[in-house]
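Structure file work_2.cif (mmCIF, C-alpha atoms) is printed below.
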data_data
loop_
_atom_site.label_atom_id
_atom_site.label_comp_id
_atom_site.auth_asym_id
_atom_site.auth_seq_id
_atom_site.Cartn_x
_atom_site.Cartn_y
_atom_site.Cartn_z
CA MET W 1 -0.04 1.82 -92.67
CA GLN W 2 -2.42 -0.91 -91.57
CA PRO W 3 -5.68 -0.72 -93.52
CA LEU W 4 -8.82 -0.28 -91.49
CA ARG W 5 -11.14 -3.20 -91.08
CA THR W 6 -14.46 -2.99 -92.83
CA ASN W 7 -17.03 -1.99 -90.28
CA SER W 8 -20.56 -3.29 -89.98
CA VAL W 9 -22.19 -0.07 -91.26
CA GLU W 10 -20.12 -0.19 -94.42
CA VAL W 11 -20.96 -3.85 -94.92
CA GLU W 12 -24.64 -3.19 -94.31
CA LEU W 13 -24.62 -0.40 -96.90
CA LEU W 14 -22.88 -2.59 -99.45
CA TYR W 15 -25.36 -5.34 -98.76
CA ARG W 16 -28.30 -3.03 -99.31
CA GLU W 17 -26.82 -1.57 -102.46
CA HIS W 18 -25.53 -4.70 -104.16
CA GLY W 19 -27.36 -7.48 -102.30
CA PRO W 20 -30.29 -7.82 -104.76
CA VAL W 21 -28.19 -8.15 -107.89
CA LEU W 22 -25.63 -10.34 -106.13
CA LEU W 23 -28.45 -12.62 -105.11
CA LEU W 24 -29.75 -12.66 -108.68
CA PHE W 25 -26.28 -13.52 -109.94
CA ALA W 26 -25.87 -16.22 -107.31
CA SER W 27 -29.29 -17.66 -108.16
CA SER W 28 -28.45 -17.69 -111.84
CA ILE W 29 -25.36 -19.78 -111.11
CA ALA W 30 -26.59 -21.99 -108.27
CA GLY W 31 -30.14 -22.43 -109.47
CA ASP W 32 -31.27 -22.83 -105.89
CA ARG W 33 -32.40 -19.57 -104.32
CA GLY W 34 -31.69 -20.76 -100.77
CA ARG W 35 -28.13 -21.68 -101.58
CA ALA W 36 -27.67 -18.39 -103.40
CA GLN W 37 -28.93 -16.52 -100.35
CA ASP W 38 -26.55 -18.45 -98.09
CA ALA W 39 -23.61 -17.69 -100.36
CA VAL W 40 -24.31 -13.96 -100.42
CA GLN W 41 -24.77 -13.80 -96.64
CA GLN W 42 -21.59 -15.79 -96.15
CA ILE W 43 -19.58 -13.34 -98.23
CA PHE W 44 -20.77 -10.32 -96.29
CA LEU W 45 -20.26 -11.95 -92.93
CA ARG W 46 -16.78 -13.05 -93.94
CA MET W 47 -16.10 -9.54 -95.12
CA LEU W 48 -17.15 -8.24 -91.75
CA GLU W 49 -14.72 -10.58 -90.03
CA ASN W 50 -11.55 -10.14 -91.95
CA ARG W 51 -11.79 -8.29 -95.23
CA LYS W 52 -10.15 -4.98 -95.80
CA LEU W 53 -12.14 -3.40 -98.56
CA ASP W 54 -9.90 -0.38 -98.96
CA GLU W 55 -7.37 -2.78 -100.48
CA VAL W 56 -9.90 -3.63 -103.20
CA GLU W 57 -9.88 -1.45 -106.29
CA ASP W 58 -13.26 -2.38 -107.74
CA VAL W 59 -15.57 -3.34 -104.89
CA LYS W 60 -18.50 -4.23 -107.11
CA ALA W 61 -16.53 -6.55 -109.38
CA TYR W 62 -14.87 -7.99 -106.29
CA LEU W 63 -18.24 -8.82 -104.73
CA PHE W 64 -19.44 -10.57 -107.88
CA THR W 65 -16.20 -12.53 -108.03
CA CYS W 66 -16.64 -13.58 -104.40
CA VAL W 67 -20.19 -14.71 -105.06
CA ARG W 68 -19.16 -16.72 -108.08
CA ASN W 69 -16.20 -18.34 -106.30
CA THR W 70 -18.28 -19.18 -103.26
CA ILE W 71 -20.96 -20.85 -105.31
CA LEU W 72 -18.47 -22.70 -107.49
CA ASN W 73 -16.36 -23.80 -104.54
CA ASP W 74 -19.37 -25.33 -102.93
CA HIS W 75 -18.91 -28.99 -103.71
CA LYS W 76 -22.60 -29.43 -104.37
CA SER W 77 -22.45 -26.95 -107.21
CA SER W 78 -19.90 -29.05 -109.02
CA GLN W 79 -22.56 -31.70 -109.37
CA ARG W 80 -25.15 -29.19 -110.45
CA ASN W 81 -26.82 -29.91 -113.73
CA ALA W 82 -30.27 -29.47 -112.37
CA ALA W 83 -32.61 -26.95 -113.94
CA LEU W 84 -32.94 -23.61 -112.22
CA GLU W 85 -35.52 -23.49 -109.49
CA GLU W 86 -38.98 -22.73 -110.81
CA GLU W 87 -40.86 -21.70 -107.67
CA SER W 88 -39.12 -18.67 -106.24
CA ALA W 89 -39.25 -15.37 -108.03
CA TRP W 90 -36.05 -13.55 -108.90
CA PHE W 91 -37.49 -10.23 -109.94
CA ASP W 92 -39.95 -7.63 -108.93
CA PRO W 93 -41.73 -7.29 -112.29
CA PRO W 94 -42.99 -4.03 -113.76
CA HIS W 95 -46.72 -3.52 -113.29
CA ARG W 96 -46.85 -6.66 -111.16
CA ASP W 97 -46.72 -8.76 -114.28
CA TYR W 98 -45.81 -12.03 -112.60
CA ALA W 99 -46.37 -14.01 -115.78
CA ALA W 100 -43.72 -11.91 -117.50
CA GLU W 101 -41.41 -12.45 -114.54
CA ARG W 102 -41.87 -16.22 -114.78
CA ASN W 103 -41.27 -16.12 -118.53
CA LEU W 104 -38.11 -14.10 -118.11
CA ARG W 105 -36.85 -16.51 -115.45
CA ARG W 106 -37.55 -19.48 -117.70
CA ALA W 107 -35.91 -17.78 -120.65
CA LEU W 108 -32.84 -17.06 -118.51
CA ALA W 109 -32.80 -20.64 -117.32
CA SER W 110 -32.80 -21.85 -120.92
CA LEU W 111 -29.60 -19.94 -121.69
CA PRO W 112 -26.20 -21.62 -121.45
CA ASP W 113 -24.51 -20.90 -118.09
CA ASP W 114 -21.75 -18.72 -119.53
CA GLN W 115 -24.21 -16.56 -121.49
CA ARG W 116 -26.53 -16.22 -118.51
CA GLU W 117 -23.66 -15.06 -116.28
CA VAL W 118 -22.58 -12.39 -118.73
CA LEU W 119 -26.14 -11.21 -119.26
CA VAL W 120 -26.91 -10.88 -115.55
CA LEU W 121 -23.63 -9.09 -114.85
CA HIS W 122 -24.06 -6.63 -117.70
CA VAL W 123 -27.80 -5.90 -117.58
CA TRP W 124 -28.65 -6.05 -113.87
CA GLY W 125 -25.16 -5.82 -112.35
CA GLU W 126 -24.39 -2.92 -114.68
CA LEU W 127 -20.81 -4.05 -115.05
CA THR W 128 -18.84 -3.04 -118.10
CA PHE W 129 -17.52 -5.76 -120.36
CA LEU W 130 -14.11 -5.19 -118.84
CA GLN W 131 -15.44 -5.72 -115.33
CA THR W 132 -17.51 -8.69 -116.48
CA ALA W 133 -14.42 -10.18 -118.06
CA GLU W 134 -12.51 -9.68 -114.82
CA VAL W 135 -15.19 -11.40 -112.77
CA LEU W 136 -15.44 -14.37 -115.12
CA GLY W 137 -11.75 -14.61 -115.91
CA ILE W 138 -12.23 -14.17 -119.65
CA SER W 139 -11.29 -11.50 -122.17
CA SER W 140 -13.54 -8.49 -122.62
CA ASN W 141 -14.07 -9.45 -126.26
CA THR W 142 -15.33 -12.86 -125.20
CA ALA W 143 -17.59 -11.19 -122.66
CA ALA W 144 -19.04 -8.88 -125.30
CA SER W 145 -19.51 -11.71 -127.74
CA ARG W 146 -21.23 -13.91 -125.16
CA TYR W 147 -23.46 -11.02 -124.28
CA ARG W 148 -24.62 -10.54 -127.85
CA TYR W 149 -25.45 -14.24 -128.14
CA ALA W 150 -27.18 -14.20 -124.77
CA LEU W 151 -29.30 -11.21 -125.66
CA ALA W 152 -30.32 -12.72 -129.00
CA ASN W 153 -31.13 -16.08 -127.43
CA LEU W 154 -33.09 -14.49 -124.61
CA ARG W 155 -35.09 -12.36 -126.97
CA GLU W 156 -35.83 -15.31 -129.14
CA SER W 157 -36.84 -17.39 -126.17
CA LEU W 158 -39.12 -14.69 -124.78
CA CYS W 159 -40.71 -13.90 -128.11
CA ALA W 160 -41.33 -17.55 -128.73
CA LYS W 161 -43.36 -17.75 -125.54
CA GLU W 162 -45.44 -14.63 -125.79
CA ASP W 163 -45.37 -11.08 -126.96
CA SER W 164 -43.62 -9.75 -123.87
CA CYS W 165 -40.62 -8.56 -125.85
CA ALA W 166 -42.83 -6.89 -128.35
CA ASN W 167 -44.61 -4.84 -125.79
CA PRO W 168 -42.09 -3.60 -123.25
CA SER W 169 -44.25 -0.74 -122.04
CA ARG W 170 -46.76 -3.14 -120.52
CA MET O 171 -44.03 -9.89 -134.00
CA PRO O 172 -41.62 -6.94 -134.05
CA THR O 173 -38.21 -7.48 -132.55
CA LEU O 174 -36.85 -4.77 -130.27
CA PRO O 175 -33.41 -3.36 -130.93
CA ASP O 176 -30.77 -4.28 -128.35
CA ASN O 177 -30.86 -1.09 -126.34
CA GLN O 178 -34.66 -1.13 -126.01
CA PHE O 179 -34.63 -4.77 -125.09
CA GLU O 180 -32.02 -4.03 -122.42
CA ARG O 181 -34.24 -1.27 -121.06
CA TYR O 182 -37.15 -3.67 -120.99
CA LEU O 183 -35.08 -6.22 -119.08
CA LYS O 184 -33.94 -3.60 -116.57
CA GLN O 185 -37.54 -2.93 -115.64
CA PHE O 186 -37.40 -6.25 -113.83
CA ARG O 187 -35.75 -5.38 -110.58
CA PRO O 188 -33.88 -8.14 -108.73
CA LEU O 189 -35.55 -9.00 -105.44
CA ALA O 190 -33.75 -8.00 -102.28
CA PRO O 191 -32.14 -10.72 -100.22
CA GLU O 192 -33.10 -11.47 -96.63
CA GLN O 193 -31.80 -9.15 -93.94
CA LEU O 194 -28.15 -9.64 -93.18
CA GLN O 195 -27.92 -11.58 -89.89
CA LEU O 196 -25.32 -9.30 -88.34
CA GLU O 197 -26.64 -9.39 -84.77
CA GLU O 198 -27.05 -13.12 -84.72
CA HIS O 199 -23.60 -13.43 -86.18
CA SER O 200 -22.00 -11.15 -83.60
CA ALA O 201 -23.89 -12.91 -80.79
CA THR O 202 -22.63 -16.27 -82.00
CA LYS O 203 -19.15 -14.84 -82.28
CA SER O 204 -19.17 -13.42 -78.75
CA ARG O 205 -20.59 -16.69 -77.42
CA THR O 206 -17.76 -18.54 -79.11
CA ARG O 207 -15.22 -16.12 -77.65
CA ALA O 208 -16.65 -16.52 -74.14
CA LEU O 209 -16.58 -20.28 -74.48
CA ALA O 210 -13.00 -20.15 -75.71
CA ALA O 211 -12.00 -17.94 -72.76
CA TRP O 212 -13.64 -20.26 -70.24
CA GLY O 213 -12.06 -23.23 -71.94
CA SER O 214 -8.61 -21.65 -71.67
CA VAL O 215 -9.12 -20.87 -67.99
CA ALA O 216 -10.30 -24.41 -67.29
CA ALA O 217 -7.35 -25.86 -69.18
CA ALA O 218 -4.90 -23.63 -67.25
CA VAL O 219 -6.42 -24.71 -63.91
CA ILE O 220 -6.23 -28.38 -64.85
CA ILE O 221 -2.61 -28.07 -65.99
CA ALA O 222 -1.66 -26.20 -62.81
CA PHE O 223 -3.39 -28.84 -60.71
CA LEU O 224 -1.63 -31.65 -62.57
CA ILE O 225 1.72 -29.98 -61.97
CA VAL O 226 1.24 -29.03 -58.33
CA TYR O 227 -0.75 -31.98 -57.02
CA PRO O 228 1.92 -34.72 -57.44
CA ARG O 229 4.49 -32.54 -55.73
CA LEU O 230 2.22 -31.81 -52.81
CA ARG O 231 1.32 -35.44 -52.55
CA ARG O 232 4.97 -36.51 -52.57
CA LEU O 233 5.78 -34.04 -49.82
CA THR O 234 2.84 -35.20 -47.72
CA GLU O 235 3.69 -38.86 -48.15
CA ARG O 236 7.36 -38.38 -47.41
CA GLY O 237 6.83 -36.19 -44.39
CA VAL O 238 10.01 -34.82 -42.86
CA GLN O 239 12.81 -37.25 -43.45
CA PRO O 240 16.09 -37.37 -41.55
CA GLY O 241 18.71 -35.27 -43.18
CA SER O 242 16.18 -33.09 -44.96
CA VAL O 243 16.75 -29.40 -45.09
CA ALA O 244 14.07 -28.74 -42.53
CA GLN O 245 15.82 -30.90 -40.06
CA ILE O 246 19.30 -29.64 -40.43
CA THR O 247 19.85 -27.49 -37.43
CA VAL O 248 22.86 -26.79 -35.42
CA PRO O 249 22.66 -29.03 -32.37
CA GLN O 250 22.37 -27.38 -29.05
CA MET O 251 25.83 -27.30 -27.77
CA LYS O 252 26.70 -26.75 -24.24
CA VAL O 253 29.69 -24.58 -24.12
CA PRO O 254 31.48 -25.19 -20.90
CA GLN O 255 32.56 -22.16 -19.10
CA PRO O 256 35.31 -21.34 -19.32
CA LEU O 257 36.56 -22.71 -22.61
CA THR O 258 39.06 -25.47 -22.29
CA ILE O 259 40.92 -27.54 -24.81
CA ARG O 260 38.91 -30.51 -23.79
CA SER O 261 35.57 -28.79 -24.16
CA ALA O 262 36.67 -27.40 -27.49
CA ASP O 263 37.59 -30.90 -28.59
CA ALA O 264 34.21 -32.17 -27.46
CA LEU O 265 32.49 -29.32 -29.21
CA LEU O 266 34.33 -30.00 -32.45
CA ALA O 267 33.45 -33.67 -32.22
CA ASP O 268 29.74 -32.95 -31.68
CA ALA O 269 29.34 -30.12 -34.20
CA PRO O 270 28.03 -30.92 -37.70
CA SER O 271 30.71 -28.77 -39.26
CA PHE O 272 33.80 -26.91 -38.31
CA LYS O 273 32.17 -23.59 -39.07
CA ALA O 274 29.24 -24.35 -36.77
CA ALA O 275 31.63 -25.25 -33.97
CA VAL O 276 33.61 -22.07 -34.44
CA ASP O 277 30.40 -20.01 -34.51
CA THR O 278 29.20 -21.60 -31.32
CA LEU O 279 32.48 -21.00 -29.68
CA ALA O 280 32.87 -17.50 -30.82
CA LEU O 281 29.93 -15.67 -29.32
CA PRO O 282 28.84 -16.88 -25.89
CA SER O 283 32.18 -18.06 -24.67
CA HIS O 284 33.78 -14.68 -25.20
CA ALA O 285 31.12 -12.87 -23.27
CA THR O 286 31.32 -15.19 -20.37
CA SER O 287 35.01 -15.60 -20.43
CA PHE O 288 35.55 -11.86 -20.41
CA GLY O 289 32.82 -11.36 -17.83
CA VAL O 290 34.50 -13.62 -15.22
CA LYS O 291 37.76 -12.61 -13.90
CA GLN O 292 40.00 -15.62 -14.18
CA SER O 293 43.60 -15.87 -15.10
CA ALA O 294 44.61 -18.00 -18.04
CA LEU O 295 47.11 -19.87 -15.89
CA GLU O 296 44.40 -20.79 -13.47
CA VAL O 297 42.27 -22.18 -16.25
CA LEU O 298 45.10 -24.13 -17.74
CA GLY O 299 45.96 -25.43 -14.32
CA LYS O 300 42.43 -26.75 -13.84
CA ASP O 301 42.53 -28.29 -17.23
CA SER O 302 45.73 -30.17 -16.54
CA GLU O 303 44.30 -31.42 -13.22
CA LEU O 304 41.45 -33.07 -15.12
#
Could you show the structure in this file as structure tokens?
Amino acid sequence: MQPLRTNSVEVELLYREHGPVLLLFASSIAGDRGRAQDAVQQIFLRMLENRKLDEVEDVKAYLFTCVRNTILNDHKSSQRNAALEEESAWFDPPHRDYAAERNLRRALASLPDDQREVLVLHVWGELTFLQTAEVLGISSNTAASRYRYALANLRESLCAKEDSCANPSR
Amino acid sequence: MPTLPDNQFERYLKQFRPLAPEQLQLEEHSATKSRTRALAAWGSVAAAVIIAFLIVYPRLRRLTERGVQPGSVAQITVPQMKVPQPLTIRSADALLADAPSFKAAVDTLALPSHATSFGVKQSALEVLGKDSEL
């Protein structure tokens, strides 16, 4: 039986549900928020045109994979060694603590690319290590190991800047 | 400075909520798509018209330039043949000589001559006699 095409309502819902974290993931790879935004939009519009989501087993992991491939296929990204963009915010911080948001962004930017990817996928994307491994094309053990390093490095980086990690309730 | 255990640190990180992306440009996208489709349709129609014109125009032009030439289908008609009444060997000979084909001559002979020949009361001997006089 021919699978149904993904309709615009379904796409819109997926965009609302996963859009923010997909954009965060795209930003963490591309560095440039504008390019990340374009990549995420492009995926959803392409999905609207020709994707049949009922063929996909794990929609969430599939979306992250699409985002990653789109960003990496962009020829500009292959030349990317630039630091992550400083100006645009990535997060809505708790208690409107914009300094903490900036610190977190800088700490994320200081991580190696592979650790940052795993961290974003696991913490904000809420993917399991198995799903993370699938998205990144690595083993789940590698994903878990990278995550541990990423978490340690991030914590160290944040604590070195200020006491934000020491006072999470702020 | 105390260091948070992993699970608490994760919880702390999750308090930072990723910002939502811009609105998905679905309407603009569908408008662009329908515009593209309309353009493609008009393009196809225009191409079809041009191709049809290119095919038909040279033929029309050739026909116009040539006009009606001798021997063309339009001109092939069975010549008006006067069938002498009554039918004689001589007139039949003349008819066969003038006719474009044997069939046409036979056709011409067949219909009117019978009617007239049967309509007039003449004996065959009389007719043959006249014929031999000529």
Practice item. Would you mind listing what lies within 9 Å of segment 22-35 of chain W as a PyMOL selection string, with only C-alpha atoms counted and same-chain residues fewer than 3 positions away left out? Key: (chain W and resi 15+18-19+38-40+63-64+67-68+71-72+77+80+82-86+88-91+108-109+113+116-117+120-121+124-125) or (chain O and resi 188-191)
Quick one: which chain O residues come within 9 Å of chain W, and what is the nearest atom pair for each with the distance in Å to one decimal, counting all atoms listed in the file, rows ordered by chain and ascending number, as a tab-separated table?
residue	atom	partner	partner_atom	distance
O:Met171	CA	W:Ala166	CA	6.5
O:Pro172	CA	W:Ala166	CA	5.8
O:Thr173	CA	W:Ala166	CA	6.3
O:Leu174	CA	W:Ala166	CA	6.6
O:Asp176	CA	W:Leu151	CA	7.6
O:Gln178	CA	W:Pro168	CA	8.3
O:Phe179	CA	W:Cys165	CA	7.1
O:Glu180	CA	W:Val123	CA	6.7
O:Arg181	CA	W:Pro168	CA	8.5
O:Tyr182	CA	W:Pro168	CA	5.4
O:Leu183	CA	W:Val123	CA	7.4
O:Lys184	CA	W:Trp124	CA	6.4
O:Gln185	CA	W:Pro94	CA	5.9
O:Phe186	CA	W:Pro93	CA	4.7
O:Arg187	CA	W:Asp92	CA	5.0
O:Pro188	CA	W:Phe91	CA	4.3
O:Leu189	CA	W:Phe91	CA	5.1
O:Ala190	CA	W:Pro20	CA	4.3
O:Pro191	CA	W:Pro20	CA	5.7
O:Glu192	CA	W:Gln37	CA	7.5
O:Gln193	CA	W:Gln41	CA	8.9
O:Leu194	CA	W:Gln41	CA	6.4
O:Gln195	CA	W:Gln41	CA	7.8
O:Leu196	CA	W:Leu45	CA	7.3
O:His199	CA	W:Leu45	CA	7.7
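Using only C-alpha atoms, the contacts of Asn153 of chain W at a cut-off of 9 Å, with sequence neighbours closer than 4 positions omitted, comprise Ala107, Ser110, Leu111, Arg148, Tyr149, Ser157 and Leu158 of chain W.
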Check your understanding: For this file, the PyMOL selection byres ((chain W and resi 128-131) around 8) selects which residues, as number ranges by chain?
Key -> W: 61, 122, 126-127, 132-135, 139-141, 143-144
Export C-alpha atoms of the chosen residues as a PDB file, keeping the file's coordinate frame?
ATOM      1  CA  ALA W  61     -16.530  -6.550-109.380  1.00  0.00           C
ATOM      2  CA  HIS W 122     -24.060  -6.630-117.700  1.00  0.00           C
ATOM      3  CA  GLU W 126     -24.390  -2.920-114.680  1.00  0.00           C
ATOM      4  CA  LEU W 127     -20.810  -4.050-115.050  1.00  0.00           C
ATOM      5  CA  THR W 132     -17.510  -8.690-116.480  1.00  0.00           C
ATOM      6  CA  ALA W 133     -14.420 -10.180-118.060  1.00  0.00           C
ATOM      7  CA  GLU W 134     -12.510  -9.680-114.820  1.00  0.00           C
ATOM      8  CA  VAL W 135     -15.190 -11.400-112.770  1.00  0.00           C
ATOM      9  CA  SER W 139     -11.290 -11.500-122.170  1.00  0.00           C
ATOM     10  CA  SER W 140     -13.540  -8.490-122.620  1.00  0.00           C
ATOM     11  CA  ASN W 141     -14.070  -9.450-126.260  1.00  0.00           C
ATOM     12  CA  ALA W 143     -17.590 -11.190-122.660  1.00  0.00           C
ATOM     13  CA  ALA W 144     -19.040  -8.880-125.300  1.00  0.00           C
TER      14      ALA W 144
END
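Straight-line separation from atom CA of Asp54 of chain W to atom CA of Thr206 of chain O: 28.0 Å.
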Exercise for review: For atom CA of Arg102 of chain W and atom CA of Ala150 of chain W, quote the distance in Å rounded to one decimal.
Suggested key: 17.9 Å
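Between atom CA of Cys66 of chain W and atom CA of Val118 of chain W lies a distance of 15.6 Å.
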Review point. Applied to the shown file, which residues does the PyMOL selection byres ((chain O and resi 263) around 12) return, written as a PyMOL selection string?
Key: chain O and resi 253-254+257-262+264-269+272+275-276+279
Starting from the structure just given, write a file holding segment 137-165 of chain W with N, CA and C atoms, as a compact mmCIF listing (two decimals), in the first residue's frame.
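Final file, selection-v1.txt:
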# COMPACT_ATOMS: atom_id res chain seq x y z
N GLY W 137 26.21 8.23 13.85
CA GLY W 137 26.90 7.15 13.15
C GLY W 137 28.07 6.61 13.95
N ILE W 138 27.88 6.50 15.25
CA ILE W 138 28.93 5.95 16.13
C ILE W 138 28.31 4.86 16.99
N SER W 139 29.13 4.22 17.80
CA SER W 139 28.55 3.19 18.69
C SER W 139 27.96 3.88 19.92
N SER W 140 27.05 3.18 20.58
CA SER W 140 26.42 3.79 21.76
C SER W 140 27.42 3.94 22.90
N ASN W 141 28.42 3.06 22.95
CA ASN W 141 29.46 3.20 23.97
C ASN W 141 30.27 4.48 23.74
N THR W 142 30.59 4.73 22.50
CA THR W 142 31.33 5.95 22.16
C THR W 142 30.49 7.17 22.53
N ALA W 143 29.20 7.09 22.23
CA ALA W 143 28.31 8.21 22.54
C ALA W 143 28.31 8.47 24.06
N ALA W 144 28.19 7.40 24.81
CA ALA W 144 28.16 7.54 26.27
C ALA W 144 29.48 8.09 26.80
N SER W 145 30.55 7.62 26.25
CA SER W 145 31.86 8.07 26.68
C SER W 145 32.07 9.56 26.34
N ARG W 146 31.69 9.92 25.13
CA ARG W 146 31.81 11.33 24.74
C ARG W 146 30.96 12.23 25.65
N TYR W 147 29.81 11.69 26.00
CA TYR W 147 28.92 12.47 26.85
C TYR W 147 29.55 12.74 28.21
N ARG W 148 30.14 11.73 28.77
CA ARG W 148 30.78 11.90 30.09
C ARG W 148 31.89 12.96 30.01
N TYR W 149 32.70 12.87 28.97
CA TYR W 149 33.76 13.87 28.80
C TYR W 149 33.16 15.27 28.62
N ALA W 150 32.10 15.33 27.80
CA ALA W 150 31.48 16.61 27.50
C ALA W 150 30.92 17.25 28.77
N LEU W 151 30.26 16.42 29.56
CA LEU W 151 29.66 16.94 30.79
C LEU W 151 30.75 17.45 31.75
N ALA W 152 31.79 16.68 31.88
CA ALA W 152 32.91 17.08 32.77
C ALA W 152 33.55 18.37 32.27
N ASN W 153 33.79 18.44 30.98
CA ASN W 153 34.42 19.64 30.41
C ASN W 153 33.53 20.86 30.54
N LEU W 154 32.25 20.65 30.32
CA LEU W 154 31.31 21.77 30.41
C LEU W 154 31.25 22.30 31.85
N ARG W 155 31.16 21.37 32.74
CA ARG W 155 31.08 21.75 34.16
C ARG W 155 32.35 22.52 34.58
N GLU W 156 33.43 22.01 34.15
CA GLU W 156 34.70 22.66 34.46
C GLU W 156 34.74 24.06 33.87
N SER W 157 34.32 24.14 32.64
CA SER W 157 34.34 25.43 31.94
C SER W 157 33.41 26.44 32.61
N LEU W 158 32.23 25.96 33.00
CA LEU W 158 31.27 26.86 33.65
C LEU W 158 31.75 27.29 35.04
N CYS W 159 32.27 26.33 35.77
CA CYS W 159 32.71 26.64 37.12
C CYS W 159 33.93 27.55 37.12
N ALA W 160 34.71 27.43 36.06
CA ALA W 160 35.88 28.30 35.96
C ALA W 160 35.46 29.75 35.75
N LYS W 161 34.33 29.95 35.13
CA LYS W 161 33.88 31.31 34.82
C LYS W 161 33.21 31.95 36.04
N GLU W 162 32.26 31.25 36.56
CA GLU W 162 31.55 31.79 37.72
C GLU W 162 30.95 30.65 38.53
N ASP W 163 30.12 30.99 39.46
CA ASP W 163 29.58 29.95 40.32
C ASP W 163 28.24 29.42 39.82
N SER W 164 27.99 29.55 38.54
CA SER W 164 26.67 29.15 38.02
C SER W 164 26.40 27.66 38.22
N CYS W 165 27.42 26.85 38.17
CA CYS W 165 27.18 25.42 38.36
C CYS W 165 27.01 25.07 39.83
